[in-house]
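Note: the block below is input_27.tsv and it holds TSV, C-alpha atoms.
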chain	number	residue	atom	x	y	z
A	1	MET	CA	91.57	6.31	16.75
A	2	SER	CA	88.79	3.75	16.51
A	3	VAL	CA	86.78	5.63	19.15
A	4	LEU	CA	86.92	8.75	17.00
A	5	ILE	CA	85.82	6.79	13.94
A	6	THR	CA	82.90	5.34	15.90
A	7	ILE	CA	81.80	8.77	17.12
A	8	PHE	CA	82.04	10.24	13.62
A	9	SER	CA	80.04	7.34	12.22
A	10	VAL	CA	77.22	7.82	14.73
A	11	VAL	CA	77.12	11.57	14.10
A	12	LEU	CA	77.11	10.93	10.35
A	13	CYS	CA	74.06	8.68	10.73
A	14	PHE	CA	72.18	11.38	12.64
A	15	VAL	CA	73.13	14.05	10.09
A	16	SER	CA	71.99	11.74	7.27
A	17	VAL	CA	68.57	11.22	8.85
A	18	ALA	CA	68.24	14.96	9.51
A	19	LEU	CA	69.17	15.73	5.92
A	20	ILE	CA	66.55	13.30	4.63
A	21	PHE	CA	63.83	14.87	6.77
A	22	LEU	CA	64.87	18.41	5.81
A	23	VAL	CA	64.65	17.60	2.12
A	24	LEU	CA	61.27	15.89	2.52
A	25	MET	CA	59.77	18.79	4.52
A	26	GLN	CA	60.47	21.38	1.83
A	27	LYS	CA	57.78	22.55	-0.53
A	28	ALA	CA	57.90	21.38	-4.09
A	29	LYS	CA	58.60	24.20	-6.55
A	30	SER	CA	56.01	23.08	-9.10
A	31	ASP	CA	53.33	22.17	-6.60
A	32	GLY	CA	51.06	24.63	-4.85
A	33	GLY	CA	52.40	23.87	-1.39
A	34	VAL	CA	52.08	20.14	-1.00
A	35	ALA	CA	55.16	18.82	0.75
A	36	ALA	CA	56.12	15.20	1.10
A	37	MET	CA	55.99	15.38	4.89
A	38	GLY	CA	53.82	17.78	6.79
A	39	GLY	CA	54.19	21.04	4.91
A	40	GLY	CA	51.56	22.64	7.11
A	41	VAL	CA	53.41	21.73	10.28
A	42	ALA	CA	56.61	23.35	9.02
A	43	GLU	CA	54.73	26.51	8.03
A	44	SER	CA	53.04	26.81	11.38
A	45	THR	CA	56.36	26.30	13.16
A	46	PHE	CA	58.55	28.69	11.17
A	47	GLY	CA	55.92	31.04	9.81
A	48	ALA	CA	56.52	32.90	6.54
A	49	GLU	CA	60.24	32.11	6.61
A	50	THR	CA	59.71	28.36	6.25
A	51	GLY	CA	61.44	28.13	2.88
A	52	ASN	CA	64.48	30.05	4.05
A	53	VAL	CA	64.88	28.11	7.29
A	54	LEU	CA	64.55	24.74	5.61
A	55	SER	CA	66.88	25.77	2.77
A	56	LYS	CA	69.57	26.95	5.18
A	57	GLY	CA	69.13	23.83	7.30
A	58	THR	CA	69.49	21.62	4.23
A	59	ILE	CA	72.63	23.44	3.13
A	60	ASN	CA	74.18	23.20	6.60
A	61	ALA	CA	73.27	19.51	6.93
A	62	ALA	CA	74.73	18.79	3.47
A	63	ILE	CA	77.98	20.55	4.39
A	64	ALA	CA	78.17	18.62	7.67
A	65	PHE	CA	77.49	15.37	5.79
A	66	PHE	CA	80.32	15.92	3.31
A	67	VAL	CA	82.79	17.13	5.96
A	68	LEU	CA	82.06	14.12	8.20
A	69	SER	CA	82.29	11.72	5.26
A	70	PHE	CA	85.67	13.12	4.24
A	71	ALA	CA	86.91	13.06	7.85
A	72	LEU	CA	85.88	9.40	8.17
A	73	TYR	CA	87.70	8.61	4.94
A	74	LEU	CA	90.89	10.28	6.18
A	75	ALA	CA	90.63	8.56	9.57
A	76	ASN	CA	90.26	5.14	7.93
A	77	VAL	CA	93.23	5.81	5.63
A	78	TYR	CA	95.33	6.93	8.61
A	79	GLN	CA	94.33	3.87	10.60
A	80	SER	CA	95.16	1.46	7.77
A	81	LYS	CA	98.58	3.10	7.13
A	82	HIS	CA	99.62	2.95	10.78
A	83	ARG	CA	98.55	-0.59	11.46
A	84	THR	CA	101.20	-2.84	12.94
A	85	ALA	CA	102.21	-6.18	11.48
A	86	ALA	CA	100.65	-7.98	14.43
A	87	GLU	CA	97.24	-6.50	13.61
A	88	ASP	CA	97.45	-7.72	9.99
A	89	LYS	CA	97.89	-11.35	10.92
A	90	LEU	CA	94.95	-13.67	10.80
A	91	PRO	CA	93.66	-14.73	14.18
A	92	THR	CA	94.81	-18.09	15.39
A	93	VAL	CA	92.17	-20.49	16.56
A	94	ILE	CA	93.20	-22.77	19.35
A	95	ALA	CA	91.43	-26.10	19.07
A	96	PRO	CA	90.14	-27.53	22.32
A	97	ALA	CA	92.01	-30.52	23.64
A	98	SER	CA	90.56	-33.74	22.32
A	99	PRO	CA	89.09	-35.95	25.02
A	100	ALA	CA	91.17	-38.93	26.05
A	101	LYS	CA	90.17	-42.07	24.23
A	102	PRO	CA	89.04	-44.89	26.47
A	103	ALA	CA	91.43	-47.82	26.78
A	104	ALA	CA	90.76	-50.44	24.18
A	105	THR	CA	89.30	-53.57	25.64
A	106	PRO	CA	90.91	-56.76	24.46
A	107	ALA	CA	88.86	-58.46	21.85
A	108	ALA	CA	87.16	-61.61	22.97
A	109	THR	CA	89.05	-64.43	21.37
A	110	PRO	CA	87.75	-67.94	21.33
A	111	ALA	CA	89.40	-70.10	23.88
A	112	THR	CA	92.10	-72.13	22.36
A	113	VAL	CA	91.92	-75.77	22.99
A	114	PRO	CA	95.24	-77.36	23.79
A	115	PRO	CA	96.33	-79.81	21.12
A	116	SER	CA	96.46	-82.65	23.64
A	117	ALA	CA	92.74	-82.27	24.27
A	118	THR	CA	91.87	-82.74	20.64
A	119	LYS	CA	93.60	-86.09	20.33
A	120	LYS	CA	91.37	-89.06	20.74
A	121	PRO	CA	92.78	-92.19	22.40

Translate this file's structure into structure tokens.
Amino acid sequence: MSVLITIFSVVLCFVSVALIFLVLMQKAKSDGGVAAMGGGVAESTFGAETGNVLSKGTINAAIAFFVLSFALYLANVYQSKHRTAAEDKLPTVIAPASPAKPAATPAATPATVPPSATKKP
């Protein structure tokens, strides 16, 4: 299911970019033909039917955007409902083994003098 969600997400990104460009290429209604992005290029490509082609493309891209968005929503809901208990658990982190501590060296103690050596004759 996650592969399908990934594919839908990628397609949704492409449709979103296409929808943005289609909206920006259209002529403004109040302006005399100045488009945000290359109005002259669109007119030379599609001819007199530029407005109709871009309008239909925008409508189709908007429909595809909403259908893909709703499909992604349903896929995510389905995936969250059918998740197993093992997938809901937090991951366990295994700590690396701590290095062995070096053996403690005996502390240097002052040499004890036998009591017989401290007596003076």

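One finds CA of Ser69 (chain A) at 12.5 Å from CA of Phe14 (chain A).
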
Straight-line distance linking CA of Tyr78 (chain A) with CA of Ile7 (chain A), stated in Å to one decimal: 16.1 Å

Near region 70-74 of chain A, within 7 Å and counting all atoms listed in the file, which residues show up once chain neighbours fewer than 3 positions away are dropped, as a PyMOL selection string? chain A and resi 5+8+66-67+77-78

Among the residues A:Leu90, A:Ala95, A:Ala75, A:Ala62, the one that comes closest to Ser16 (chain A) [using all atoms listed in the file]: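 Result for the nearest residue to Ser16 (chain A): A:Ala62.
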
Interatomic distance between CA of Thr6 (chain A) and CA of Leu68 (chain A)? 11.7 Å
